[in-house]
$ cat protein26.txt   # compact mmCIF, N, CA and C atoms
# COMPACT_ATOMS: atom_id res chain seq x y z
N GLN A 1 -33.08 11.58 -31.66
CA GLN A 1 -33.44 12.70 -32.51
C GLN A 1 -33.87 13.89 -31.67
N ASP A 2 -34.67 13.61 -30.64
CA ASP A 2 -35.12 14.70 -29.78
C ASP A 2 -33.93 15.34 -29.06
N SER A 3 -32.99 14.52 -28.62
CA SER A 3 -31.80 15.05 -27.93
C SER A 3 -30.97 15.92 -28.86
N VAL A 4 -30.80 15.49 -30.10
CA VAL A 4 -30.04 16.28 -31.07
C VAL A 4 -30.73 17.62 -31.30
N MET A 5 -32.06 17.60 -31.44
CA MET A 5 -32.80 18.85 -31.65
C MET A 5 -32.69 19.77 -30.43
N GLU A 6 -32.73 19.19 -29.22
CA GLU A 6 -32.60 20.00 -28.00
C GLU A 6 -31.22 20.64 -27.90
N ILE A 7 -30.18 19.86 -28.15
CA ILE A 7 -28.80 20.38 -28.09
C ILE A 7 -28.61 21.47 -29.12
N HIS A 8 -29.11 21.24 -30.33
CA HIS A 8 -28.97 22.24 -31.39
C HIS A 8 -29.72 23.53 -31.02
N ALA A 9 -30.91 23.40 -30.48
CA ALA A 9 -31.70 24.58 -30.10
C ALA A 9 -31.00 25.36 -28.98
N GLU A 10 -30.40 24.64 -28.04
CA GLU A 10 -29.74 25.28 -26.90
C GLU A 10 -28.43 25.95 -27.28
N LEU A 11 -27.60 25.25 -28.06
CA LEU A 11 -26.26 25.75 -28.37
C LEU A 11 -26.16 26.48 -29.70
N GLY A 12 -27.00 26.09 -30.65
CA GLY A 12 -26.95 26.72 -31.97
C GLY A 12 -25.74 26.33 -32.79
N ASN A 13 -25.04 25.28 -32.37
CA ASN A 13 -23.85 24.83 -33.10
C ASN A 13 -24.23 24.13 -34.40
N THR A 14 -23.29 24.13 -35.33
CA THR A 14 -23.46 23.34 -36.54
C THR A 14 -23.28 21.87 -36.18
N VAL A 15 -24.17 21.04 -36.67
CA VAL A 15 -24.11 19.60 -36.40
C VAL A 15 -24.01 18.88 -37.73
N ILE A 16 -23.06 17.97 -37.84
CA ILE A 16 -22.96 17.11 -39.03
C ILE A 16 -23.32 15.71 -38.58
N MET A 17 -24.29 15.14 -39.27
CA MET A 17 -24.79 13.82 -38.89
C MET A 17 -24.89 12.95 -40.13
N ILE A 18 -24.51 11.70 -40.00
CA ILE A 18 -24.61 10.75 -41.10
C ILE A 18 -25.74 9.77 -40.76
N THR A 19 -26.67 9.61 -41.70
CA THR A 19 -27.79 8.71 -41.47
C THR A 19 -28.24 8.09 -42.78
N HIS A 20 -28.87 6.93 -42.68
CA HIS A 20 -29.51 6.30 -43.83
C HIS A 20 -31.03 6.41 -43.70
N ASP A 21 -31.50 7.08 -42.65
CA ASP A 21 -32.92 7.23 -42.37
C ASP A 21 -33.43 8.52 -43.00
N VAL A 22 -34.25 8.40 -44.03
CA VAL A 22 -34.74 9.57 -44.77
C VAL A 22 -35.55 10.49 -43.87
N ASP A 23 -36.44 9.94 -43.05
CA ASP A 23 -37.26 10.78 -42.17
C ASP A 23 -36.40 11.53 -41.15
N GLU A 24 -35.40 10.86 -40.61
CA GLU A 24 -34.49 11.50 -39.68
C GLU A 24 -33.74 12.65 -40.35
N ALA A 25 -33.28 12.42 -41.56
CA ALA A 25 -32.55 13.45 -42.30
C ALA A 25 -33.42 14.68 -42.53
N VAL A 26 -34.65 14.48 -42.96
CA VAL A 26 -35.53 15.62 -43.25
C VAL A 26 -35.94 16.33 -41.96
N LEU A 27 -36.21 15.57 -40.91
CA LEU A 27 -36.63 16.15 -39.63
C LEU A 27 -35.53 17.02 -39.01
N LEU A 28 -34.29 16.55 -39.04
CA LEU A 28 -33.21 17.21 -38.32
C LEU A 28 -32.43 18.23 -39.13
N SER A 29 -32.53 18.19 -40.43
CA SER A 29 -31.58 18.94 -41.28
C SER A 29 -32.08 20.29 -41.74
N ASP A 30 -31.09 21.15 -41.99
CA ASP A 30 -31.31 22.36 -42.77
C ASP A 30 -30.83 22.12 -44.19
N ARG A 31 -29.93 21.14 -44.31
CA ARG A 31 -29.37 20.77 -45.61
C ARG A 31 -29.10 19.27 -45.59
N ILE A 32 -29.46 18.58 -46.68
CA ILE A 32 -29.16 17.15 -46.82
C ILE A 32 -28.20 17.00 -47.99
N VAL A 33 -27.04 16.41 -47.70
CA VAL A 33 -26.06 16.13 -48.75
C VAL A 33 -26.23 14.66 -49.11
N MET A 34 -26.78 14.42 -50.29
CA MET A 34 -27.04 13.04 -50.73
C MET A 34 -25.84 12.54 -51.51
N MET A 35 -25.42 11.33 -51.19
CA MET A 35 -24.22 10.74 -51.78
C MET A 35 -24.58 9.69 -52.82
N THR A 36 -23.68 9.51 -53.78
CA THR A 36 -23.83 8.43 -54.75
C THR A 36 -23.44 7.12 -54.07
N ASN A 37 -23.73 6.00 -54.71
CA ASN A 37 -23.44 4.68 -54.15
C ASN A 37 -21.99 4.28 -54.35
N GLY A 38 -21.54 3.34 -53.53
CA GLY A 38 -20.28 2.66 -53.76
C GLY A 38 -19.09 3.21 -53.01
N PRO A 39 -17.99 2.47 -53.11
CA PRO A 39 -16.76 2.84 -52.41
C PRO A 39 -16.21 4.19 -52.88
N ALA A 40 -16.49 4.57 -54.10
CA ALA A 40 -16.00 5.85 -54.63
C ALA A 40 -17.13 6.88 -54.61
N ALA A 41 -17.94 6.86 -53.56
CA ALA A 41 -19.10 7.74 -53.47
C ALA A 41 -18.68 9.21 -53.52
N THR A 42 -19.52 10.00 -54.15
CA THR A 42 -19.30 11.44 -54.24
C THR A 42 -20.61 12.15 -53.89
N VAL A 43 -20.53 13.46 -53.74
CA VAL A 43 -21.74 14.24 -53.48
C VAL A 43 -22.62 14.18 -54.71
N GLY A 44 -23.85 13.73 -54.53
CA GLY A 44 -24.78 13.64 -55.64
C GLY A 44 -25.60 14.91 -55.77
N GLU A 45 -26.33 15.25 -54.74
CA GLU A 45 -27.16 16.46 -54.73
C GLU A 45 -27.19 17.02 -53.31
N ILE A 46 -27.44 18.32 -53.22
CA ILE A 46 -27.63 18.97 -51.92
C ILE A 46 -29.04 19.55 -51.91
N LEU A 47 -29.81 19.16 -50.91
CA LEU A 47 -31.19 19.61 -50.78
C LEU A 47 -31.30 20.53 -49.57
N HIS A 48 -31.74 21.75 -49.78
CA HIS A 48 -31.93 22.71 -48.68
C HIS A 48 -33.33 22.51 -48.10
N ILE A 49 -33.40 22.31 -46.79
CA ILE A 49 -34.65 22.05 -46.10
C ILE A 49 -35.11 23.35 -45.42
N ASP A 50 -36.21 23.89 -45.89
CA ASP A 50 -36.72 25.15 -45.37
C ASP A 50 -38.01 24.90 -44.58
N LEU A 51 -37.83 24.28 -43.41
CA LEU A 51 -38.96 24.01 -42.52
C LEU A 51 -38.74 24.80 -41.23
N PRO A 52 -39.81 25.35 -40.65
CA PRO A 52 -39.66 26.14 -39.42
C PRO A 52 -39.19 25.28 -38.25
N ARG A 53 -38.46 25.92 -37.35
CA ARG A 53 -38.03 25.28 -36.10
C ARG A 53 -38.73 25.98 -34.95
N PRO A 54 -39.00 25.28 -33.88
CA PRO A 54 -38.72 23.88 -33.62
C PRO A 54 -39.64 22.98 -34.45
N ARG A 55 -39.14 21.78 -34.70
CA ARG A 55 -39.89 20.81 -35.51
C ARG A 55 -40.42 19.70 -34.62
N ASP A 56 -41.65 19.35 -34.85
CA ASP A 56 -42.29 18.27 -34.11
C ASP A 56 -42.54 17.12 -35.09
N ARG A 57 -42.00 15.96 -34.77
CA ARG A 57 -42.07 14.82 -35.70
C ARG A 57 -43.51 14.45 -36.06
N ILE A 58 -44.43 14.56 -35.11
CA ILE A 58 -45.83 14.20 -35.38
C ILE A 58 -46.46 15.22 -36.33
N ALA A 59 -46.22 16.49 -36.07
CA ALA A 59 -46.78 17.55 -36.93
C ALA A 59 -46.18 17.49 -38.33
N MET A 60 -44.90 17.13 -38.42
CA MET A 60 -44.23 17.08 -39.72
C MET A 60 -44.83 16.01 -40.63
N ALA A 61 -45.38 14.96 -40.05
CA ALA A 61 -45.96 13.87 -40.86
C ALA A 61 -47.08 14.38 -41.76
N ASP A 62 -47.76 15.44 -41.33
CA ASP A 62 -48.86 16.00 -42.13
C ASP A 62 -48.47 17.27 -42.87
N ASN A 63 -47.20 17.65 -42.80
CA ASN A 63 -46.73 18.88 -43.43
C ASN A 63 -46.41 18.61 -44.90
N ALA A 64 -47.05 19.34 -45.80
CA ALA A 64 -46.86 19.11 -47.24
C ALA A 64 -45.42 19.34 -47.68
N LEU A 65 -44.77 20.36 -47.13
CA LEU A 65 -43.39 20.66 -47.51
C LEU A 65 -42.44 19.56 -47.02
N TYR A 66 -42.67 19.07 -45.81
CA TYR A 66 -41.88 17.96 -45.27
C TYR A 66 -41.98 16.76 -46.21
N ASN A 67 -43.20 16.44 -46.61
CA ASN A 67 -43.42 15.29 -47.49
C ASN A 67 -42.82 15.51 -48.87
N LYS A 68 -42.79 16.76 -49.34
CA LYS A 68 -42.14 17.06 -50.62
C LYS A 68 -40.64 16.79 -50.53
N TYR A 69 -40.00 17.27 -49.44
CA TYR A 69 -38.56 17.03 -49.26
C TYR A 69 -38.28 15.53 -49.14
N ARG A 70 -39.11 14.84 -48.38
CA ARG A 70 -38.95 13.39 -48.21
C ARG A 70 -39.02 12.68 -49.56
N HIS A 71 -39.98 13.08 -50.37
CA HIS A 71 -40.14 12.50 -51.71
C HIS A 71 -38.90 12.78 -52.57
N GLN A 72 -38.34 13.99 -52.48
CA GLN A 72 -37.16 14.32 -53.28
C GLN A 72 -35.97 13.44 -52.90
N VAL A 73 -35.79 13.19 -51.60
CA VAL A 73 -34.68 12.33 -51.16
C VAL A 73 -34.92 10.91 -51.65
N LEU A 74 -36.13 10.40 -51.48
CA LEU A 74 -36.43 9.04 -51.93
C LEU A 74 -36.27 8.90 -53.44
N GLN A 75 -36.66 9.92 -54.18
CA GLN A 75 -36.51 9.88 -55.64
C GLN A 75 -35.03 9.83 -56.02
N PHE A 76 -34.20 10.63 -55.35
CA PHE A 76 -32.76 10.60 -55.60
C PHE A 76 -32.22 9.19 -55.34
N LEU A 77 -32.57 8.62 -54.20
CA LEU A 77 -32.08 7.28 -53.85
C LEU A 77 -32.57 6.24 -54.86
N TYR A 78 -33.81 6.33 -55.28
CA TYR A 78 -34.37 5.39 -56.24
C TYR A 78 -33.64 5.49 -57.58
N GLU A 79 -33.43 6.71 -58.05
CA GLU A 79 -32.74 6.90 -59.34
C GLU A 79 -31.31 6.38 -59.27
N LYS A 80 -30.61 6.63 -58.19
CA LYS A 80 -29.23 6.15 -58.05
C LYS A 80 -29.20 4.63 -57.96
N GLN A 81 -30.17 4.04 -57.27
CA GLN A 81 -30.23 2.58 -57.14
C GLN A 81 -30.46 1.93 -58.50
N ARG A 82 -31.31 2.53 -59.32
CA ARG A 82 -31.60 1.96 -60.65
C ARG A 82 -30.37 1.95 -61.53
N LYS A 83 -29.47 2.91 -61.34
CA LYS A 83 -28.28 3.00 -62.18
C LYS A 83 -27.21 2.01 -61.79
N VAL A 84 -27.30 1.44 -60.58
CA VAL A 84 -26.31 0.48 -60.12
C VAL A 84 -26.82 -0.92 -60.43
N GLU A 85 -26.13 -1.62 -61.31
CA GLU A 85 -26.52 -2.98 -61.64
C GLU A 85 -25.49 -3.92 -61.06
N PRO A 86 -25.93 -4.99 -60.40
CA PRO A 86 -24.99 -5.94 -59.81
C PRO A 86 -24.03 -6.50 -60.85
N VAL A 87 -22.80 -6.70 -60.42
CA VAL A 87 -21.77 -7.27 -61.29
C VAL A 87 -21.66 -8.75 -60.99
N ASN A 88 -21.80 -9.57 -62.01
CA ASN A 88 -21.66 -11.01 -61.85
C ASN A 88 -20.59 -11.49 -62.82
N PRO A 89 -19.35 -11.68 -62.34
CA PRO A 89 -18.26 -12.04 -63.25
C PRO A 89 -18.42 -13.41 -63.89
N ARG A 90 -19.32 -14.24 -63.38
CA ARG A 90 -19.49 -15.59 -63.94
C ARG A 90 -20.65 -15.66 -64.94
N LYS A 91 -21.30 -14.56 -65.19
CA LYS A 91 -22.45 -14.53 -66.09
C LYS A 91 -22.00 -14.74 -67.53
N SER A 92 -22.76 -15.56 -68.26
CA SER A 92 -22.47 -15.78 -69.67
C SER A 92 -22.97 -14.61 -70.50
N ILE A 93 -22.17 -14.18 -71.43
CA ILE A 93 -22.56 -13.11 -72.34
C ILE A 93 -22.40 -13.65 -73.75
N GLY A 94 -23.50 -13.75 -74.48
CA GLY A 94 -23.44 -14.23 -75.85
C GLY A 94 -22.89 -15.64 -75.97
N GLY A 95 -23.15 -16.49 -74.99
CA GLY A 95 -22.72 -17.88 -75.07
C GLY A 95 -21.31 -18.12 -74.56
N THR A 96 -20.56 -17.08 -74.27
CA THR A 96 -19.21 -17.27 -73.71
C THR A 96 -19.17 -16.69 -72.31
N LYS A 97 -18.29 -17.23 -71.52
CA LYS A 97 -18.17 -16.73 -70.15
C LYS A 97 -17.44 -15.40 -70.15
N ALA A 98 -18.00 -14.45 -69.43
CA ALA A 98 -17.32 -13.16 -69.27
C ALA A 98 -16.21 -13.34 -68.24
N ASN A 99 -15.10 -12.71 -68.47
CA ASN A 99 -13.99 -12.79 -67.53
C ASN A 99 -13.76 -11.40 -66.96
N ALA A 100 -14.16 -11.21 -65.72
CA ALA A 100 -14.00 -9.90 -65.10
C ALA A 100 -13.52 -10.08 -63.67
N GLU A 101 -12.70 -9.16 -63.24
CA GLU A 101 -12.27 -9.15 -61.85
C GLU A 101 -12.99 -8.02 -61.14
N VAL A 102 -13.55 -8.34 -59.99
CA VAL A 102 -14.28 -7.36 -59.22
C VAL A 102 -13.68 -7.34 -57.82
N SER A 103 -13.41 -6.14 -57.32
CA SER A 103 -12.79 -6.03 -56.00
C SER A 103 -13.74 -6.56 -54.92
N PRO A 104 -13.20 -7.04 -53.82
CA PRO A 104 -14.04 -7.53 -52.72
C PRO A 104 -14.98 -6.45 -52.19
N GLU A 105 -14.53 -5.19 -52.19
CA GLU A 105 -15.37 -4.09 -51.70
C GLU A 105 -16.60 -3.93 -52.58
N ILE A 106 -16.41 -3.97 -53.90
CA ILE A 106 -17.53 -3.82 -54.82
C ILE A 106 -18.47 -5.01 -54.70
N ASN A 107 -17.92 -6.22 -54.61
CA ASN A 107 -18.76 -7.40 -54.43
C ASN A 107 -19.60 -7.29 -53.17
N ALA A 108 -18.99 -6.82 -52.07
CA ALA A 108 -19.72 -6.67 -50.81
C ALA A 108 -20.84 -5.66 -50.97
N GLU A 109 -20.57 -4.55 -51.65
CA GLU A 109 -21.58 -3.51 -51.87
C GLU A 109 -22.73 -4.05 -52.72
N VAL A 110 -22.40 -4.79 -53.76
CA VAL A 110 -23.43 -5.36 -54.64
C VAL A 110 -24.29 -6.34 -53.87
N LYS A 111 -23.68 -7.17 -53.03
CA LYS A 111 -24.44 -8.15 -52.25
C LYS A 111 -25.37 -7.46 -51.27
N LYS A 112 -24.91 -6.33 -50.68
CA LYS A 112 -25.76 -5.59 -49.75
C LYS A 112 -26.99 -5.04 -50.46
N GLN A 113 -26.83 -4.63 -51.71
CA GLN A 113 -27.92 -3.99 -52.44
C GLN A 113 -28.86 -5.01 -53.08
N ALA A 114 -28.43 -6.24 -53.20
CA ALA A 114 -29.25 -7.27 -53.86
C ALA A 114 -30.36 -7.76 -52.97

$ encode --input "protein26.txt" --output "structure tokens"
Amino acid sequence: QDSVMEIHAELGNTVIMITHDVDEAVLLSDRIVMMTNGPAATVGEILHIDLPRPRDRIAMADNALYNKYRHQVLQFLYEKQRKVEPVNPRKSIGGTKANAEVSPEINAEVKKQA
């Protein structure tokens, strides 16, 4: 993270980074593009991060705005997670077996989230 911040400060280039770490995203970003879950993921929300640079990870821990952005990302992830319910093709519904086919990709994603 420190190296990415140093390179960005020195060169000023646009950097695109993919991460699952909420703190890393808020610390390094000017914009966070949050994605929906699953193989057919799409852009869910875009959060603009308006924190002064250079950023110090220790100082950011006590920064109210940093914590607000962090909370917004976590809330997005929590809401999206609640909407995804695992698919169990062998589950009984109303006393009869449900017959559903689920792709291996979706099954793998569901197992990861369980």

$ closest_residue --input "protein26.txt" --among "A:Glu45, A:Asp56, A:Asp50, A:Asp23" --to "Arg70 of chain A" --atoms "all atoms listed in the file"
A:Asp23

$ atom_distance --input "protein26.txt" --atom1 "atom CA of Ile46 of chain A" --atom2 "atom CA of Ala64 of chain A"
19.8 Å

$ atom_distance --input "protein26.txt" --atom1 "atom CA of Ile49 of chain A" --atom2 "atom CA of Gln1 of chain A"
16.5 Å

$ closest_residue --input "protein26.txt" --among "A:Asp30, A:Glu10, A:Asp21, A:Asp2" --to "Leu74 of chain A" --atoms "only C-alpha atoms"
A:Asp21

$ atom_distance --input "protein26.txt" --atom1 "atom C of Lys68 of chain A" --atom2 "atom N of Gly12 of chain A"
25.8 Å

$ select_by_dssp --input "protein26.txt" --residues "segment 33-73 of chain A" --states "alpha helix (DSSP H)" --output "CSV table (one decimal) with N, CA and C atoms, keeping the file's coordinate frame"
chain,number,residue,atom,x,y,z
A,57,ARG,N,-42.0,16.0,-34.8
A,57,ARG,CA,-42.1,14.8,-35.7
A,57,ARG,C,-43.5,14.4,-36.1
A,58,ILE,N,-44.4,14.6,-35.1
A,58,ILE,CA,-45.8,14.2,-35.4
A,58,ILE,C,-46.5,15.2,-36.3
A,59,ALA,N,-46.2,16.5,-36.1
A,59,ALA,CA,-46.8,17.6,-36.9
A,59,ALA,C,-46.2,17.5,-38.3
A,60,MET,N,-44.9,17.1,-38.4
A,60,MET,CA,-44.2,17.1,-39.7
A,60,MET,C,-44.8,16.0,-40.6
A,64,ALA,N,-47.0,19.3,-45.8
A,64,ALA,CA,-46.9,19.1,-47.2
A,64,ALA,C,-45.4,19.3,-47.7
A,65,LEU,N,-44.8,20.4,-47.1
A,65,LEU,CA,-43.4,20.7,-47.5
A,65,LEU,C,-42.4,19.6,-47.0
A,66,TYR,N,-42.7,19.1,-45.8
A,66,TYR,CA,-41.9,18.0,-45.3
A,66,TYR,C,-42.0,16.8,-46.2
A,67,ASN,N,-43.2,16.4,-46.6
A,67,ASN,CA,-43.4,15.3,-47.5
A,67,ASN,C,-42.8,15.5,-48.9
A,68,LYS,N,-42.8,16.8,-49.3
A,68,LYS,CA,-42.1,17.1,-50.6
A,68,LYS,C,-40.6,16.8,-50.5
A,69,TYR,N,-40.0,17.3,-49.4
A,69,TYR,CA,-38.6,17.0,-49.3
A,69,TYR,C,-38.3,15.5,-49.1
A,70,ARG,N,-39.1,14.8,-48.4
A,70,ARG,CA,-39.0,13.4,-48.2
A,70,ARG,C,-39.0,12.7,-49.6
A,71,HIS,N,-40.0,13.1,-50.4
A,71,HIS,CA,-40.1,12.5,-51.7
A,71,HIS,C,-38.9,12.8,-52.6
A,72,GLN,N,-38.3,14.0,-52.5
A,72,GLN,CA,-37.2,14.3,-53.3
A,72,GLN,C,-36.0,13.4,-52.9
A,73,VAL,N,-35.8,13.2,-51.6
A,73,VAL,CA,-34.7,12.3,-51.2
A,73,VAL,C,-34.9,10.9,-51.6

$ closest_residue --input "protein26.txt" --among "A:Ile58, A:Leu47, A:Asn13, A:Lys80" --to "Ala25 of chain A" --atoms "only C-alpha atoms"
A:Leu47
